[in-house]
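This is model_11.json. It holds JSON, C-alpha atoms and all ligand atoms.
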[["chain", "number", "residue", "atom", "x", "y", "z"],
["A", 1328, "MET", "CA", 0.00, 0.00, 0.00],
["A", 1329, "SER", "CA", 1.33, 3.42, -0.80],
["A", 1330, "LYS", "CA", 0.54, 6.83, 0.53],
["A", 1331, "VAL", "CA", 0.77, 10.00, -1.51],
["A", 1332, "LEU", "CA", 0.86, 13.12, 0.66],
["A", 1333, "ALA", "CA", 0.63, 16.68, -0.65],
["A", 1334, "ILE", "CA", 2.29, 19.24, 1.59],
["A", 1335, "VAL", "CA", 0.02, 22.21, 1.04],
["A", 1336, "ASN", "CA", -0.64, 25.68, 2.32],
["A", 1337, "GLN", "CA", -1.18, 28.55, -0.07],
["A", 1338, "LYS", "CA", 0.73, 30.79, 2.33],
["A", 1339, "GLY", "CA", 4.45, 31.04, 1.73],
["A", 1340, "GLY", "CA", 7.04, 30.65, 4.46],
["A", 1341, "VAL", "CA", 5.02, 28.31, 6.71],
["A", 1342, "GLY", "CA", 7.47, 25.38, 6.52],
["A", 1343, "LYS", "CA", 6.18, 23.34, 3.56],
["A", 1344, "THR", "CA", 9.58, 22.80, 1.99],
["A", 1345, "THR", "CA", 11.34, 22.25, 5.32],
["A", 1346, "THR", "CA", 8.71, 19.61, 6.08],
["A", 1347, "ALA", "CA", 8.92, 18.06, 2.60],
["A", 1348, "ILE", "CA", 12.69, 17.60, 2.79],
["A", 1349, "ASN", "CA", 12.99, 16.48, 6.39],
["A", 1350, "LEU", "CA", 9.87, 14.36, 6.68],
["A", 1351, "SER", "CA", 10.74, 12.47, 3.50],
["A", 1352, "ALA", "CA", 14.31, 12.02, 4.76],
["A", 1353, "ALA", "CA", 13.07, 10.75, 8.13],
["A", 1354, "ILE", "CA", 10.71, 8.25, 6.47],
["A", 1355, "ALA", "CA", 13.50, 7.12, 4.12],
["A", 1356, "LEU", "CA", 15.82, 6.62, 7.11],
["A", 1357, "GLU", "CA", 13.18, 4.29, 8.58],
["A", 1358, "GLY", "CA", 14.05, 2.06, 5.64],
["A", 1359, "LEU", "CA", 11.03, 2.86, 3.45],
["A", 1360, "ASP", "CA", 11.52, 3.82, -0.20],
["A", 1361, "THR", "CA", 10.39, 7.42, -0.40],
["A", 1362, "LEU", "CA", 9.94, 9.76, -3.33],
["A", 1363, "LEU", "CA", 9.82, 13.54, -3.00],
["A", 1364, "ILE", "CA", 8.47, 15.47, -5.95],
["A", 1365, "ASP", "CA", 9.26, 19.17, -6.09],
["A", 1366, "ILE", "CA", 6.37, 20.87, -7.85],
["A", 1367, "ASP", "CA", 7.26, 24.39, -6.76],
["A", 1368, "PRO", "CA", 8.96, 26.44, -9.52],
["A", 1369, "GLN", "CA", 11.09, 28.01, -6.74],
["A", 1370, "ALA", "CA", 12.79, 24.58, -6.51],
["A", 1371, "ASN", "CA", 13.64, 24.91, -2.82],
["A", 1372, "SER", "CA", 13.31, 21.18, -2.11],
["A", 1373, "THR", "CA", 15.59, 20.52, -5.08],
["A", 1374, "GLY", "CA", 18.22, 22.96, -3.81],
["A", 1375, "GLY", "CA", 17.80, 21.83, -0.22],
["A", 1376, "LEU", "CA", 18.71, 18.28, -1.24],
["A", 1377, "GLY", "CA", 21.86, 19.51, -2.94],
["A", 1378, "PHE", "CA", 20.76, 19.72, -6.58],
["A", 1379, "GLY", "CA", 20.95, 22.79, -8.81],
["A", 1380, "ARG", "CA", 18.01, 24.23, -10.71],
["A", 1381, "ASP", "CA", 18.91, 22.90, -14.12],
["A", 1382, "ASP", "CA", 16.52, 23.22, -17.05],
["A", 1383, "GLU", "CA", 18.58, 20.75, -19.12],
["A", 1384, "ARG", "CA", 17.90, 17.87, -16.77],
["A", 1385, "ALA", "CA", 14.54, 16.07, -16.83],
["A", 1386, "SER", "CA", 12.27, 17.48, -14.13],
["A", 1387, "THR", "CA", 8.72, 17.62, -12.80],
["A", 1388, "TYR", "CA", 7.96, 19.90, -15.75],
["A", 1389, "ASP", "CA", 8.80, 17.16, -18.26],
["A", 1390, "VAL", "CA", 6.86, 14.55, -16.32],
["A", 1391, "LEU", "CA", 3.76, 16.80, -16.36],
["A", 1392, "MET", "CA", 4.01, 18.10, -19.92],
["A", 1393, "THR", "CA", 5.76, 15.42, -21.98],
["A", 1394, "ALA", "CA", 6.16, 11.68, -22.30],
["A", 1395, "VAL", "CA", 9.23, 11.72, -20.01],
["A", 1396, "THR", "CA", 8.68, 9.06, -17.35],
["A", 1397, "PRO", "CA", 9.10, 9.77, -13.63],
["A", 1398, "ASP", "CA", 11.96, 7.26, -13.61],
["A", 1399, "ALA", "CA", 13.84, 9.23, -16.22],
["A", 1400, "ALA", "CA", 13.59, 12.35, -14.05],
["A", 1401, "MET", "CA", 14.38, 10.67, -10.73],
["A", 1402, "LEU", "CA", 17.55, 11.54, -8.80],
["A", 1403, "THR", "CA", 19.04, 9.56, -5.92],
["A", 1404, "THR", "CA", 19.90, 11.63, -2.85],
["A", 1405, "GLU", "CA", 22.58, 11.14, -0.24],
["A", 1406, "ILE", "CA", 20.09, 8.93, 1.62],
["A", 1407, "GLY", "CA", 19.79, 6.02, -0.82],
["A", 1408, "THR", "CA", 16.15, 5.26, 0.00],
["A", 1409, "LEU", "CA", 15.16, 8.87, -0.75],
["A", 1410, "LYS", "CA", 14.60, 9.78, -4.41],
["A", 1411, "LEU", "CA", 13.78, 13.21, -5.81],
["A", 1412, "ILE", "CA", 12.06, 14.40, -8.94],
["A", 1413, "PRO", "CA", 13.50, 17.92, -9.17],
["A", 1414, "SER", "CA", 11.85, 21.17, -10.11],
["A", 1415, "SER", "CA", 13.19, 23.57, -12.72],
["A", 1416, "LYS", "CA", 12.58, 27.16, -13.82],
["A", 1417, "ASN", "CA", 10.38, 26.15, -16.75],
["A", 1418, "LEU", "CA", 7.80, 24.93, -14.22],
["A", 1419, "ILE", "CA", 6.86, 28.61, -13.83],
["A", 1420, "GLY", "CA", 5.13, 28.41, -17.22],
["A", 1421, "ALA", "CA", 3.42, 25.13, -16.43],
["A", 1422, "THR", "CA", 0.36, 26.65, -14.74],
["A", 1423, "ILE", "CA", -0.49, 28.32, -18.06],
["A", 1424, "GLU", "CA", 0.73, 25.56, -20.38],
["A", 1425, "LEU", "CA", -1.25, 22.94, -18.46],
["A", 1426, "ILE", "CA", -4.52, 24.63, -19.45],
["A", 1427, "GLN", "CA", -4.04, 23.37, -23.02],
["A", 1428, "GLN", "CA", -3.27, 19.78, -22.01],
["A", 1429, "ASP", "CA", -5.59, 16.78, -22.06],
["A", 1430, "ARG", "CA", -6.60, 15.64, -18.58],
["A", 1431, "ARG", "CA", -4.92, 18.74, -17.22],
["A", 1432, "GLU", "CA", -5.95, 18.07, -13.60],
["A", 1433, "PHE", "CA", -4.82, 14.43, -13.78],
["A", 1434, "ARG", "CA", -1.35, 14.78, -15.32],
["A", 1435, "LEU", "CA", 0.51, 14.09, -12.08],
["A", 1436, "ARG", "CA", -1.88, 11.38, -10.93],
["A", 1437, "ASP", "CA", -1.49, 9.53, -14.23],
["A", 1438, "ALA", "CA", 2.31, 9.83, -14.09],
["A", 1439, "LEU", "CA", 2.51, 8.54, -10.50],
["A", 1440, "GLU", "CA", 0.23, 5.55, -10.94],
["A", 1441, "PRO", "CA", 3.02, 3.11, -11.92],
["A", 1442, "LEU", "CA", 5.23, 4.27, -9.01],
["A", 1443, "ARG", "CA", 2.76, 3.48, -6.25],
["A", 1444, "GLU", "CA", 3.82, -0.11, -6.10],
["A", 1445, "ARG", "CA", 7.47, 0.76, -5.49],
["A", 1446, "PHE", "CA", 7.19, 3.66, -3.08],
["A", 1447, "PRO", "CA", 5.34, 3.28, 0.22],
["A", 1448, "PHE", "CA", 5.56, 7.07, 0.51],
["A", 1449, "ILE", "CA", 5.41, 9.79, -2.12],
["A", 1450, "LEU", "CA", 5.52, 13.40, -0.88],
["A", 1451, "LEU", "CA", 4.68, 16.46, -2.96],
["A", 1452, "ASP", "CA", 6.15, 19.87, -2.13],
["A", 1453, "CYS", "CA", 3.59, 22.36, -3.42],
["A", 1454, "PRO", "CA", 3.95, 26.01, -4.46],
["A", 1455, "PRO", "CA", 2.41, 28.73, -2.25],
["A", 1456, "ALA", "CA", -0.74, 29.01, -4.37],
["A", 1457, "LEU", "CA", -3.95, 27.13, -5.10],
["A", 1458, "ASP", "CA", -3.05, 26.97, -8.79],
["A", 1459, "LEU", "CA", -3.16, 24.23, -11.43],
["A", 1460, "LEU", "CA", 0.11, 22.74, -10.10],
["A", 1461, "THR", "CA", -1.31, 22.44, -6.59],
["A", 1462, "LEU", "CA", -4.56, 21.11, -8.08],
["A", 1463, "ASN", "CA", -2.53, 18.38, -9.81],
["A", 1464, "ALA", "CA", -0.98, 17.54, -6.44],
["A", 1465, "LEU", "CA", -4.39, 17.34, -4.74],
["A", 1466, "VAL", "CA", -5.81, 15.13, -7.47],
["A", 1467, "ALA", "CA", -2.78, 12.83, -7.22],
["A", 1468, "SER", "CA", -2.86, 12.55, -3.40],
["A", 1469, "ASP", "CA", -4.44, 10.44, -0.70],
["A", 1470, "GLY", "CA", -3.86, 12.99, 2.02],
["A", 1471, "LEU", "CA", -3.07, 16.62, 2.69],
["A", 1472, "LEU", "CA", -0.45, 17.59, 5.21],
["A", 1473, "VAL", "CA", -0.87, 21.24, 6.10],
["A", 1474, "PRO", "CA", 2.01, 22.97, 7.88],
["A", 1475, "MET", "CA", 0.95, 26.04, 9.84],
["A", 1476, "GLN", "CA", 3.00, 28.56, 11.68],
["A", 1477, "ALA", "CA", 1.83, 29.15, 15.23],
["A", 1478, "GLU", "CA", 0.99, 32.80, 14.71],
["A", 1479, "TYR", "CA", -2.00, 35.06, 15.09],
["A", 1480, "PHE", "CA", -3.05, 34.80, 11.44],
["A", 1481, "ALA", "CA", -2.50, 31.04, 11.22],
["A", 1482, "LEU", "CA", -6.12, 30.24, 10.42],
["A", 1483, "GLU", "CA", -6.39, 32.91, 7.76],
["A", 1484, "GLY", "CA", -6.78, 31.23, 4.39],
["A", 1485, "ILE", "CA", -7.52, 27.86, 5.96],
["A", 1486, "SER", "CA", -11.24, 27.92, 5.18],
["A", 1487, "GLU", "CA", -10.32, 28.53, 1.52],
["A", 1488, "LEU", "CA", -7.91, 25.59, 1.64],
["A", 1489, "MET", "CA", -10.52, 23.33, 3.28],
["A", 1490, "SER", "CA", -13.20, 24.26, 0.74],
["A", 1491, "THR", "CA", -10.69, 23.54, -2.05],
["A", 1492, "LEU", "CA", -10.12, 20.12, -0.45],
["A", 1493, "ASP", "CA", -13.89, 19.50, -0.46],
["A", 1494, "ARG", "CA", -14.32, 20.59, -4.06],
["A", 1495, "VAL", "CA", -11.39, 18.52, -5.30],
["A", 1496, "SER", "CA", -12.52, 15.45, -3.44],
["A", 1497, "GLN", "CA", -16.03, 15.77, -4.88],
["A", 1498, "ALA", "CA", -15.06, 16.59, -8.45],
["A", 1499, "PHE", "CA", -11.82, 14.69, -9.06],
["A", 1500, "ASN", "CA", -10.57, 12.53, -6.23],
["A", 1501, "HIS", "CA", -12.90, 10.82, -3.77],
["A", 1502, "GLY", "CA", -9.90, 9.31, -1.99],
["A", 1503, "LEU", "CA", -8.57, 12.68, -0.81],
["A", 1504, "ALA", "CA", -8.66, 13.48, 2.91],
["A", 1505, "LEU", "CA", -6.98, 15.77, 5.39],
["A", 1506, "GLU", "CA", -4.07, 13.75, 6.78],
["A", 1507, "GLY", "CA", -3.02, 16.24, 9.39],
["A", 1508, "VAL", "CA", -2.20, 19.80, 10.40],
["A", 1509, "LEU", "CA", 1.34, 20.40, 11.58],
["A", 1510, "MET", "CA", 2.47, 23.27, 13.75],
["A", 1511, "THR", "CA", 5.84, 24.57, 12.62],
["A", 1512, "MET", "CA", 8.35, 27.08, 13.99],
["A", 1513, "TYR", "CA", 6.72, 26.44, 17.32],
["A", 1514, "ASP", "CA", 7.86, 28.12, 20.51],
["A", 1515, "GLU", "CA", 5.93, 26.58, 23.41],
["A", 1516, "ARG", "CA", 7.16, 29.26, 25.80],
["A", 1517, "THR", "CA", 4.94, 31.95, 24.32],
["A", 1518, "ASN", "CA", 1.32, 32.51, 25.32],
["A", 1519, "LEU", "CA", 0.52, 33.13, 21.69],
["A", 1520, "ALA", "CA", 1.70, 29.67, 20.65],
["A", 1521, "GLN", "CA", -0.47, 28.08, 23.34],
["A", 1522, "GLN", "CA", -3.46, 30.15, 22.32],
["A", 1523, "VAL", "CA", -2.99, 29.25, 18.65],
["A", 1524, "THR", "CA", -2.67, 25.57, 19.61],
["A", 1525, "ALA", "CA", -5.97, 25.76, 21.50],
["A", 1526, "ASN", "CA", -7.66, 27.35, 18.46],
["A", 1527, "LEU", "CA", -6.29, 24.77, 16.05],
["A", 1528, "GLN", "CA", -7.25, 21.95, 18.40],
["A", 1529, "GLU", "CA", -10.80, 23.23, 18.46],
["A", 1530, "PHE", "CA", -10.92, 23.67, 14.69],
["A", 1531, "PHE", "CA", -9.18, 20.45, 13.63],
["A", 1532, "GLY", "CA", -9.67, 18.02, 16.54],
["A", 1533, "ASP", "CA", -7.54, 14.90, 16.12],
["A", 1534, "LYS", "CA", -6.34, 16.10, 12.72],
["A", 1535, "LEU", "CA", -3.98, 18.40, 14.60],
["A", 1536, "LEU", "CA", -0.81, 16.32, 14.80],
["A", 1537, "LYS", "CA", 0.71, 15.68, 18.22],
["A", 1538, "THR", "CA", 4.20, 16.38, 16.98],
["A", 1539, "THR", "CA", 5.11, 20.05, 16.75],
["A", 1540, "ILE", "CA", 8.19, 21.33, 14.95],
["A", 1541, "PRO", "CA", 10.18, 23.78, 17.10],
["A", 1542, "ARG", "CA", 11.93, 26.82, 15.72],
["A", 1543, "ASN", "CA", 15.45, 25.46, 15.28],
["A", 1544, "VAL", "CA", 18.33, 27.19, 13.53],
["A", 1545, "ARG", "CA", 19.71, 23.86, 12.25],
["A", 1546, "LEU", "CA", 16.54, 23.43, 10.17],
["A", 1547, "ALA", "CA", 17.15, 26.81, 8.57],
["A", 1548, "GLU", "CA", 20.85, 26.13, 7.95],
["A", 1549, "ALA", "CA", 20.65, 22.60, 6.55],
["A", 1550, "PRO", "CA", 19.34, 23.52, 3.04],
["A", 1551, "SER", "CA", 22.34, 25.75, 2.34],
["A", 1552, "HIS", "CA", 24.47, 22.62, 2.82],
["A", 1553, "GLY", "CA", 22.18, 20.65, 0.51],
["A", 1554, "LYS", "CA", 21.29, 18.18, 3.25],
["A", 1555, "PRO", "CA", 18.28, 17.11, 5.30],
["A", 1556, "VAL", "CA", 18.71, 18.06, 8.94],
["A", 1557, "MET", "CA", 19.17, 14.43, 10.01],
["A", 1558, "VAL", "CA", 22.31, 14.30, 7.90],
["A", 1559, "TYR", "CA", 23.48, 17.86, 8.62],
["A", 1560, "ASP", "CA", 22.97, 17.66, 12.40],
["A", 1561, "PRO", "CA", 21.34, 14.41, 13.57],
["A", 1562, "ARG", "CA", 21.47, 15.53, 17.21],
["A", 1563, "SER", "CA", 19.49, 18.73, 16.69],
["A", 1564, "ARG", "CA", 15.98, 19.34, 18.00],
["A", 1565, "GLY", "CA", 14.85, 19.81, 14.43],
["A", 1566, "SER", "CA", 16.10, 16.36, 13.52],
["A", 1567, "ASP", "CA", 14.34, 14.79, 16.52],
["A", 1568, "ALA", "CA", 11.09, 16.58, 15.71],
["A", 1569, "TYR", "CA", 10.92, 15.43, 12.09],
["A", 1570, "ARG", "CA", 11.77, 11.88, 13.16],
["A", 1571, "ASP", "CA", 8.89, 12.03, 15.68],
["A", 1572, "LEU", "CA", 6.62, 13.31, 12.92],
["A", 1573, "ALA", "CA", 7.61, 10.42, 10.64],
["A", 1574, "LEU", "CA", 6.89, 7.90, 13.42],
["A", 1575, "GLU", "CA", 3.55, 9.53, 14.20],
["A", 1576, "LEU", "CA", 2.46, 9.39, 10.56],
["A", 1577, "LEU", "CA", 3.62, 5.77, 10.16],
["A", 1578, "LYS", "CA", 1.68, 4.84, 13.28],
["A", 1579, "ARG", "CA", -1.49, 6.64, 12.16],
["A", 1580, "ASN", "CA", -1.27, 4.78, 8.86],
["A", 1581, "LYS", "CA", -0.43, 1.45, 10.51],
["A", 1582, "ILE", "CA", 2.75, 1.10, 8.48],
["A", 1583, "GLU", "CA", 5.55, -0.83, 10.15],
["A", 1584, "SER", "CA", 8.92, 0.26, 8.80],
["A", 1585, "PRO", "CA", 11.96, -2.04, 8.46],
["A", 1586, "LYS", "CA", 13.66, 0.00, 11.21],
["A", 1587, "ALA", "CA", 10.67, -0.40, 13.54],
["A", 1588, "LYS", "CA", 10.84, -4.17, 13.02],
["A", 1589, "GLU", "CA", 14.54, -4.13, 13.91],
["A", 1590, "ARG", "CA", 13.84, -2.07, 17.04],
["A", 1591, "ALA", "CA", 11.08, -4.48, 18.09],
["A", 1592, "LYS", "CA", 13.40, -7.44, 17.62],
["A", 1593, "ALA", "CA", 16.20, -5.81, 19.65],
["A", 1594, "ALA", "CA", 13.87, -4.90, 22.54],
["A", 1601, "LIG", "P1", 7.46, 27.29, 2.57],
["A", 1601, "LIG", "O1", 7.96, 26.15, 1.76],
["A", 1601, "LIG", "O2", 6.11, 27.05, 3.17],
["A", 1601, "LIG", "O3", 7.52, 28.59, 1.85],
["A", 1601, "LIG", "P2", 9.93, 26.98, 4.09],
["A", 1601, "LIG", "O4", 9.98, 25.59, 4.55],
["A", 1601, "LIG", "O5", 10.75, 27.34, 2.90],
["A", 1601, "LIG", "O6", 8.42, 27.43, 3.86],
["A", 1601, "LIG", "O7", 10.32, 27.88, 5.34],
["A", 1601, "LIG", "C1", 10.42, 29.31, 5.24],
["A", 1601, "LIG", "C2", 11.68, 29.78, 5.95],
["A", 1601, "LIG", "O8", 11.61, 29.43, 7.33],
["A", 1601, "LIG", "C3", 12.94, 29.11, 5.42],
["A", 1601, "LIG", "O9", 13.99, 30.04, 5.45],
["A", 1601, "LIG", "C4", 13.19, 27.97, 6.40],
["A", 1601, "LIG", "O10", 14.57, 27.65, 6.51],
["A", 1601, "LIG", "C5", 12.68, 28.57, 7.71],
["A", 1601, "LIG", "N1", 12.13, 27.54, 8.60],
["A", 1601, "LIG", "C6", 11.15, 26.66, 8.32],
["A", 1601, "LIG", "N2", 10.86, 25.88, 9.38],
["A", 1601, "LIG", "C7", 11.71, 26.28, 10.37],
["A", 1601, "LIG", "C8", 11.92, 25.86, 11.73],
["A", 1601, "LIG", "N3", 11.17, 24.90, 12.29],
["A", 1601, "LIG", "N4", 12.88, 26.50, 12.45],
["A", 1601, "LIG", "C9", 13.61, 27.49, 11.90],
["A", 1601, "LIG", "N5", 13.45, 27.93, 10.63],
["A", 1601, "LIG", "C10", 12.52, 27.33, 9.87],
["A", 1602, "MG", "MG", 8.48, 26.02, -0.31]]

For this file, produce the structure as structure tokens.
Amino acid sequence: MSKVLAIVNQKGGVGKTTTAINLSAAIALEGLDTLLIDIDPQANSTGGLGFGRDDERASTYDVLMTAVTPDAAMLTTEIGTLKLIPSSKNLIGATIELIQQDRREFRLRDALEPLRERFPFILLDCPPALDLLTLNALVASDGLLVPMQAEYFALEGISELMSTLDRVSQAFNHGLALEGVLMTMYDERTNLAQQVTANLQEFFGDKLLKTTIPRNVRLAEAPSHGKPVMVYDPRSRGSDAYRDLALELLKRNKIESPKAKERAKAA
């Protein structure tokens, strides 16, 4: 069984890319084959995993627009079980070019279909917009993972995102559901963070994930070294938090990883 998760929030700077890179790395380090697809023209996941933004190389753009297969565009990262389909600058034009394409909402879903057997987890790093690229991600996904910054305006835009989820699941993808809401850049010492947590708890109930991601400078530094935080600084709080998040999501989905089996045997 495979799980395709879109990491979505139309707000920029809420931690989508940081979550995409480090959650996929943490799942891959649990011994599960994981694929991250960068569908943001800004290509931050691509850069954060140590690859340049190169229009010559096959990318998400080619997978969406041409007959290039996902395998032909796939790169192997420093963590062998983590693969990446990179973004490129020409993806900027894709939102307009897609309009002309057959099955324009289903391009990504169709491309991913043959990969589901091989990858227990496929994560999609979305652009900060509810555009045709994000729509492709929603149509291709089983679940939405929504990172939110614990700030006063956190819930702004969320009703629009939730109504988009409803419309997409009715019109294109009955299998789509909210997987979870993740608090990022969290500082539990502030009253504001606690107040925002209480609001989100009320709004989302058990869809609010137990794991919160603290503000941690190692998470901000790691991409400039082209590494996930668990490679850059495995002892950091950021590394621990994303590992906890991976374990929480595996547990919620009743997926036992090879590493979990080893731990159970050793105990
Ligand atoms: P998005 O993809 O939603 O635009 P990013 O993941 O790129 O957001 O995060 C925006 C900025 O905040 C980046 O500079 C990133 O390094 C930083 N950042 C994200 N999460 C954290 C965190 N938990 N602690 C510290 N900095 C973070
Ligand atoms: Mg991003």

Could you report the residues within 8 Å of ligand MG 1602 (chain A), using only C-alpha atoms and all ligand atoms, as a PDB file with C-alpha atoms, in the frame of the given file?
ATOM      1  CA  GLY A1339       4.450  31.040   1.730  1.00  0.00           C
ATOM      2  CA  GLY A1340       7.040  30.650   4.460  1.00  0.00           C
ATOM      3  CA  GLY A1342       7.470  25.380   6.520  1.00  0.00           C
ATOM      4  CA  LYS A1343       6.180  23.340   3.560  1.00  0.00           C
ATOM      5  CA  THR A1344       9.580  22.800   1.990  1.00  0.00           C
ATOM      6  CA  THR A1345      11.340  22.250   5.320  1.00  0.00           C
ATOM      7  CA  ASP A1367       7.260  24.390  -6.760  1.00  0.00           C
ATOM      8  CA  GLN A1369      11.090  28.010  -6.740  1.00  0.00           C
ATOM      9  CA  ALA A1370      12.790  24.580  -6.510  1.00  0.00           C
ATOM     10  CA  ASN A1371      13.640  24.910  -2.820  1.00  0.00           C
ATOM     11  CA  SER A1372      13.310  21.180  -2.110  1.00  0.00           C
ATOM     12  CA  ASP A1452       6.150  19.870  -2.130  1.00  0.00           C
ATOM     13  CA  CYS A1453       3.590  22.360  -3.420  1.00  0.00           C
ATOM     14  CA  PRO A1454       3.950  26.010  -4.460  1.00  0.00           C
ATOM     15  CA  PRO A1455       2.410  28.730  -2.250  1.00  0.00           C
TER      16      PRO A1455
END

- [ ] Find the residues near ligand LIG 1601 (chain A). Use a cut-off of 10 Å, count all atoms listed in the file, and write them as a ChimeraX atom specification.
- [x] /A:1334-1349,1367,1369-1372,1375,1452-1455,1473-1476,1510-1514,1539-1551,1564-1566,1568-1569

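Between Ala1394 (chain A) and the residues A:Asp1437, A:Glu1515, A:Asp1365, A:Asp1571, the shortest atom-to-atom distance, using all atoms listed in the file, involves A:Asp1437.
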
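Put simply, CA of Leu1425 (chain A) is 10.9 Å away from CA of Thr1393 (chain A).
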
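Comparing A:Ile1366, A:Leu1577, A:Leu1472, A:Ile1485 by their smallest distance to Ile1354 (chain A), the closest is A:Leu1577 (using all atoms listed in the file).
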
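All protein and nucleic acid residues in the vicinity of (-0.3, 6.7, -13.7), that is within 12 Å when counting all atoms listed in the file, are A:Val1390, A:Leu1391, A:Ala1394, A:Thr1396, A:Pro1397, A:Arg1430, A:Phe1433, A:Arg1434, A:Leu1435, A:Arg1436, A:Asp1437, A:Ala1438, A:Leu1439, A:Glu1440, A:Pro1441, A:Leu1442, A:Arg1443, A:Glu1444, A:Val1466, A:Ala1467.
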
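Across A:Asp1398, A:Glu1506, A:Glu1405, A:Glu1575, the tightest approach to Val1331 (chain A) is made by A:Glu1506 when counting all atoms listed in the file.
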
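In this structure, CA of Leu1450 (chain A) sits 10.4 Å away from CA of Asp1469 (chain A).
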
Task: Between CA of Gly1407 (chain A) and CA of Ser1329 (chain A) - distance in Å to one decimal - done: 18.6 Å

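Proximity to Asp1429 (chain A) was assessed for A:Met1392, A:Arg1570, A:Ala1504, A:Ala1385 counting all atoms listed in the file; the smallest distance is recorded for A:Met1392.
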
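If you measure from each of A:Ala1333, A:Gln1528, A:Asn1500, A:Lys1588 to Thr1461 (chain A) using all atoms listed in the file, the closest one turns out to be A:Ala1333.
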
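Of the listed residues (A:Phe1446, A:Leu1418, A:Pro1368, A:Thr1408), A:Thr1408 comes nearest to Leu1356 (chain A); the distances count all atoms listed in the file.
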